[in-house]
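Structure below is protein.txt: compact mmCIF, C-alpha atoms.
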```txt
# COMPACT_ATOMS: atom_id res chain seq x y z
CA ASP G 1 1.26 2.66 -17.64
CA GLY G 2 0.89 4.06 -14.15
CA GLY G 3 -0.66 2.32 -11.22
CA ILE G 4 -0.28 0.52 -7.94
CA THR G 5 1.00 -3.02 -7.81
CA GLN G 6 0.78 -5.45 -4.96
CA SER G 7 2.50 -8.78 -4.95
CA PRO G 8 1.86 -11.56 -4.63
CA LYS G 9 -1.87 -11.90 -5.23
CA TYR G 10 -2.10 -14.83 -2.81
CA LEU G 11 0.26 -15.55 0.06
CA PHE G 12 0.38 -18.44 2.49
CA ARG G 13 2.42 -18.49 5.67
CA LYS G 14 2.73 -20.67 8.71
CA GLU G 15 1.62 -19.31 12.04
CA GLY G 16 4.41 -17.54 13.90
CA GLN G 17 6.23 -16.34 10.79
CA ASN G 18 6.59 -12.70 9.82
CA VAL G 19 5.59 -11.88 6.26
CA THR G 20 6.10 -8.75 4.18
CA LEU G 21 3.57 -7.57 1.62
CA SER G 22 4.80 -5.48 -1.24
CA CYS G 23 3.22 -2.25 -2.53
CA GLU G 24 4.71 -0.20 -5.32
CA GLN G 25 3.31 2.82 -7.15
CA ASN G 26 4.60 4.77 -10.14
CA LEU G 27 2.02 7.54 -9.90
CA ASN G 28 4.43 9.89 -8.12
CA HIS G 29 2.00 10.04 -5.20
CA ASP G 30 3.23 11.35 -1.87
CA ALA G 31 0.74 9.56 0.37
CA MET G 32 0.33 5.80 0.73
CA TYR G 33 -1.95 3.67 2.88
CA TRP G 34 -2.50 0.11 4.03
CA TYR G 35 -5.96 -1.29 4.77
CA ARG G 36 -7.24 -4.68 5.64
CA GLN G 37 -10.62 -6.02 4.64
CA ASP G 38 -12.44 -8.73 6.53
CA PRO G 39 -15.87 -10.11 5.65
CA GLY G 40 -18.53 -7.69 6.84
CA GLN G 41 -15.95 -5.25 8.20
CA GLY G 42 -15.30 -2.87 5.37
CA LEU G 43 -11.83 -1.37 5.04
CA ARG G 44 -9.84 -0.58 8.16
CA LEU G 45 -6.73 1.59 8.12
CA ILE G 46 -3.54 -0.07 9.35
CA TYR G 47 -0.80 2.48 8.60
CA TYR G 48 -0.37 5.49 6.37
CA SER G 49 2.49 7.60 5.15
CA GLN G 50 2.15 11.17 3.95
CA ILE G 51 5.75 11.52 2.82
CA VAL G 52 8.96 9.55 2.49
CA ASN G 53 10.57 8.51 5.78
CA ASP G 54 7.41 9.28 7.72
CA PHE G 55 4.42 7.14 8.67
CA GLN G 56 1.64 7.02 11.25
CA LYS G 57 -0.46 4.33 12.84
CA GLY G 58 -4.00 3.89 11.66
CA ASP G 59 -6.88 2.35 13.56
CA ILE G 60 -5.55 -1.22 13.76
CA ALA G 61 -1.74 -0.97 13.71
CA GLU G 62 -1.01 -3.56 16.40
CA GLY G 63 0.97 -6.48 15.03
CA TYR G 64 2.01 -4.63 11.87
CA SER G 65 5.01 -2.57 10.85
CA VAL G 66 5.84 -0.48 7.77
CA SER G 67 8.68 1.46 6.22
CA ARG G 68 8.77 4.27 3.65
CA GLU G 69 12.34 4.53 2.46
CA LYS G 70 11.35 5.35 -1.10
CA LYS G 71 8.46 7.40 -2.43
CA GLU G 72 7.22 4.60 -4.64
CA SER G 73 7.35 1.79 -2.08
CA PHE G 74 5.42 1.14 1.15
CA PRO G 75 5.91 -2.46 2.33
CA LEU G 76 3.80 -3.87 5.15
CA THR G 77 5.13 -6.52 7.53
CA VAL G 78 2.61 -8.71 9.28
CA THR G 79 4.33 -9.90 12.42
CA SER G 80 3.66 -12.93 14.57
CA ALA G 81 2.13 -10.54 17.12
CA GLN G 82 -0.89 -9.98 14.86
CA LYS G 83 -3.59 -12.20 16.34
CA ASN G 84 -5.74 -12.67 13.23
CA PRO G 85 -3.52 -12.06 10.20
CA THR G 86 -5.62 -13.91 7.64
CA ALA G 87 -7.29 -11.18 5.59
CA PHE G 88 -7.34 -9.31 2.30
CA TYR G 89 -4.77 -6.49 2.38
CA LEU G 90 -5.16 -3.40 0.24
CA CYS G 91 -2.60 -0.73 -0.49
CA ALA G 92 -3.64 2.71 -1.71
CA SER G 93 -2.04 6.00 -2.65
CA SER G 94 -3.11 9.59 -3.20
CA PRO G 95 -1.29 12.56 -4.73
CA ASP G 96 -0.86 14.17 -1.35
CA ALA G 97 -2.36 14.12 2.11
CA ALA G 98 -4.86 16.84 1.19
CA HIS G 99 -6.23 14.86 -1.73
CA ASN G 100 -9.17 12.78 -0.66
CA GLU G 101 -9.41 10.35 -3.55
CA GLN G 102 -7.28 7.28 -2.96
CA PHE G 103 -6.27 4.85 -5.66
CA PHE G 104 -6.12 1.19 -4.70
CA GLY G 105 -3.94 -1.70 -5.71
CA PRO G 106 -5.36 -5.15 -6.56
CA GLY G 107 -4.81 -6.49 -3.03
CA THR G 108 -3.02 -9.45 -1.48
CA ARG G 109 -4.91 -12.30 0.11
CA LEU G 110 -2.87 -13.53 3.08
CA THR G 111 -3.72 -16.87 4.62
CA VAL G 112 -1.93 -17.97 7.75
CA LEU G 113 -2.09 -21.73 8.27
CA ASP F 1 -18.31 3.48 17.11
CA GLN F 2 -19.07 3.34 13.43
CA GLN F 3 -18.93 6.77 11.87
CA VAL F 4 -20.02 5.69 8.40
CA LYS F 5 -22.89 3.25 8.19
CA GLN F 6 -24.25 1.25 5.32
CA ASN F 7 -27.11 -0.43 7.07
CA SER F 8 -28.27 -2.69 4.28
CA PRO F 9 -25.73 -5.40 3.49
CA SER F 10 -27.20 -6.26 0.11
CA LEU F 11 -29.55 -5.12 -2.63
CA SER F 12 -30.93 -6.97 -5.62
CA VAL F 13 -32.48 -5.16 -8.61
CA GLN F 14 -33.53 -5.98 -12.14
CA GLU F 15 -31.49 -4.82 -15.09
CA GLY F 16 -32.72 -1.46 -16.34
CA ARG F 17 -34.21 -0.41 -13.02
CA ILE F 18 -32.81 2.07 -10.52
CA SER F 19 -30.41 1.01 -7.77
CA ILE F 20 -30.34 3.19 -4.66
CA LEU F 21 -27.54 2.64 -2.19
CA ASN F 22 -27.71 4.48 1.11
CA CYS F 23 -25.10 5.69 3.54
CA ASP F 24 -25.38 7.52 6.87
CA TYR F 25 -22.68 9.24 8.85
CA THR F 26 -22.41 10.53 12.39
CA ASN F 27 -19.39 12.85 12.31
CA SER F 28 -20.51 16.40 11.49
CA MET F 29 -16.91 17.26 10.58
CA PHE F 30 -17.07 15.11 7.45
CA ASP F 31 -17.16 17.34 4.42
CA TYR F 32 -16.20 15.09 1.53
CA PHE F 33 -17.80 11.84 0.54
CA LEU F 34 -16.81 9.15 -1.93
CA TRP F 35 -18.24 5.98 -3.38
CA TYR F 36 -16.03 3.08 -4.35
CA LYS F 37 -16.93 -0.06 -6.28
CA LYS F 38 -15.21 -3.34 -5.57
CA TYR F 39 -15.23 -6.67 -7.38
CA PRO F 40 -14.18 -9.84 -5.51
CA ALA F 41 -10.43 -10.25 -5.04
CA GLU F 42 -9.74 -6.83 -6.54
CA GLY F 43 -9.00 -3.40 -5.12
CA PRO F 44 -11.79 -0.81 -4.89
CA THR F 45 -12.10 1.64 -7.74
CA PHE F 46 -13.25 5.21 -7.28
CA LEU F 47 -16.72 5.87 -8.62
CA ILE F 48 -17.96 9.32 -7.69
CA SER F 49 -17.58 11.90 -4.95
CA ILE F 50 -19.35 14.91 -3.53
CA SER F 51 -18.27 17.86 -1.46
CA SER F 52 -20.43 19.16 1.34
CA ILE F 53 -20.94 22.43 -0.52
CA LYS F 54 -23.07 20.52 -3.01
CA ASP F 55 -26.18 18.40 -2.63
CA LYS F 56 -25.92 16.52 -5.90
CA ASN F 57 -23.22 15.29 -8.25
CA GLU F 58 -23.88 13.41 -11.43
CA ASP F 59 -21.61 11.36 -13.68
CA GLY F 60 -23.31 9.40 -16.41
CA ARG F 61 -25.52 6.73 -14.89
CA PHE F 62 -24.30 7.54 -11.38
CA THR F 63 -25.68 10.30 -9.17
CA VAL F 64 -24.82 10.97 -5.56
CA PHE F 65 -27.16 12.97 -3.35
CA LEU F 66 -26.12 14.54 -0.07
CA ASN F 67 -28.49 15.59 2.70
CA LYS F 68 -26.29 17.31 5.27
CA SER F 69 -29.05 17.97 7.78
CA ALA F 70 -29.88 14.27 7.85
CA LYS F 71 -26.23 13.22 7.57
CA HIS F 72 -27.26 10.97 4.73
CA LEU F 73 -26.05 10.32 1.24
CA SER F 74 -27.22 8.01 -1.48
CA LEU F 75 -25.89 6.66 -4.74
CA HIS F 76 -28.35 6.23 -7.59
CA ILE F 77 -27.52 4.04 -10.57
CA VAL F 78 -29.85 4.41 -13.52
CA PRO F 79 -30.27 2.24 -15.48
CA SER F 80 -28.67 -0.62 -13.58
CA GLN F 81 -26.62 -3.09 -15.59
CA PRO F 82 -25.39 -6.60 -14.71
CA GLY F 83 -21.82 -5.28 -14.75
CA ASP F 84 -22.74 -3.02 -11.84
CA SER F 85 -22.95 -6.09 -9.62
CA ALA F 86 -20.26 -5.50 -7.00
CA VAL F 87 -19.73 -4.34 -3.43
CA TYR F 88 -20.10 -0.60 -3.00
CA PHE F 89 -18.33 1.26 -0.23
CA CYS F 90 -19.25 4.67 1.04
CA ALA F 91 -16.35 6.70 2.48
CA ALA F 92 -16.06 10.04 4.19
CA SER F 93 -13.35 12.42 5.26
CA ALA F 94 -12.87 15.68 7.12
CA ARG F 95 -10.61 17.68 4.85
CA GLY F 96 -9.51 19.95 7.62
CA GLY F 97 -8.09 16.92 9.34
CA GLY F 98 -6.18 15.65 6.33
CA SER F 99 -7.17 12.89 3.96
CA GLU F 100 -5.40 10.14 5.85
CA LYS F 101 -8.65 9.50 7.63
CA LEU F 102 -10.86 8.15 4.87
CA VAL F 103 -13.49 6.35 6.93
CA PHE F 104 -15.23 3.53 5.11
CA GLY F 105 -18.59 1.92 5.61
CA LYS F 106 -18.88 -1.85 5.70
CA GLY F 107 -20.06 -2.04 2.13
CA MET F 108 -23.22 -3.13 0.35
CA LYS F 109 -23.39 -5.93 -2.17
CA LEU F 110 -25.40 -4.98 -5.24
CA THR F 111 -26.70 -7.68 -7.54
CA VAL F 112 -28.22 -6.66 -10.84
CA ASN F 113 -30.20 -9.49 -12.39
CA PRO F 114 -30.47 -9.76 -16.19
```
Could you render the structure as C-alpha cells?
Amino acid sequence: DGGITQSPKYLFRKEGQNVTLSCEQNLNHDAMYWYRQDPGQGLRLIYYSQIVNDFQKGDIAEGYSVSREKKESFPLTVTSAQKNPTAFYLCASSPDAAHNEQFFGPGTRLTVL
Amino acid sequence: DQQVKQNSPSLSVQEGRISILNCDYTNSMFDYFLWYKKYPAEGPTFLISISSIKDKNEDGRFTVFLNKSAKHLSLHIVPSQPGDSAVYFCAASARGGGSEKLVFGKGMKLTVNP
C-alpha cells in the first residue's frame, strides 16, 4: 500500500557527527518537504523539492542539506553546523507544487547526545 | 512574525460536547486553509480544508468555518470523542505562491474526557 516511510523512528548521534534521515514515498508525488517540530513551535519548513534534481531552502535551512536524485526519495542530512539538532523531523509529500494538501510520514526523533 | 496563530495552547472538553479550535492569520494572501491532527510521535494527518471562496466546509463531525474579514477560522468537532484527543494544527497557504509555503500554527492540544 502507498505511503511515506521514514526510518528509523528513533535516532541517536553524538555531537559533531553528521546524520542522514531517510524519507521514501511510493505515492508518485512530485513535491517533497522536510519539517522539524519542537515543543511549542509547530512545524517549521527546512527544505522542499518540487521536482527531481531540484530543491529550495525553507525557513530554517541552516545546518541542513538535502538531495533529490530520485522522485521517491528525499534524504535530509543534519550536519554538525546545526546548533540544536535534537528534534522531531517530519517528511511530507504532495502530488505537485500546486496541490496544497501534504501527506506526512511517521517522523524520526533525532537525539544528539 | 507569526502568520498563523493558534493562541490557546490547550483545550479540555467532555465527551459528547462541542470542541471549538480557533486559528487566526495575518497574511491576506492566504486563500487555502487546512487542519491537521497529530498524535504523539506520529506524523500529522490531514483532517479538513477550506478554500477562501467558501465560509464553511463540513465533513462528518468536523466543520471548519472561515471569516475572511476577521482573518479567522475555527474547527468545530461535534460530538467530541476521546479518540479526538490530539494536537491540532492549523495551516494556511497562498495558492498563487505555490504550495511549498504551507505555514503552520503552533498547534493546540485537545483533550476529550470520557
TODO: With only C-alpha atoms counted, which protein, DNA or RNA residues have an atom no more than 6 Å from (0.0, -1.4, -7.0) in the file frame? Please answer as a ChimeraX atom specification.
DONE: /G:3-6,23-25,105
Test item: which residues lie within 10 Å of (2.1, -15.2, -4.5) counting only C-alpha atoms, as a CSV table (one decimal) with C-alpha atoms, in the coordinates of the input:
```csv
chain,number,residue,atom,x,y,z
G,6,GLN,CA,0.8,-5.4,-5.0
G,7,SER,CA,2.5,-8.8,-5.0
G,8,PRO,CA,1.9,-11.6,-4.6
G,9,LYS,CA,-1.9,-11.9,-5.2
G,10,TYR,CA,-2.1,-14.8,-2.8
G,11,LEU,CA,0.3,-15.6,0.1
G,12,PHE,CA,0.4,-18.4,2.5
G,21,LEU,CA,3.6,-7.6,1.6
G,108,THR,CA,-3.0,-9.4,-1.5
G,109,ARG,CA,-4.9,-12.3,0.1
G,110,LEU,CA,-2.9,-13.5,3.1
```
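Those residues of chain G that fall within 6 Å of chain F when using all atoms listed in the file read Gly40, Gln41, Gly42, Leu43, Ala97, Ala98, Asn100, Phe104, Gly105, Pro106 and Gly107 of chain G.
From atom CA of G:Gly63 back to atom CA of G:Ser80, the distance works out to 7.0 Å.
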Task: d(atom CA of F:Val64, atom CA of G:Leu45) in Å - done: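 Those two atoms sit 24.5 Å apart.
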Open item on the list: Just the number, please: distance in Å from atom CA of F:Ser52 to atom CA of G:Ser93, one decimal.
Closed with: 23.0 Å
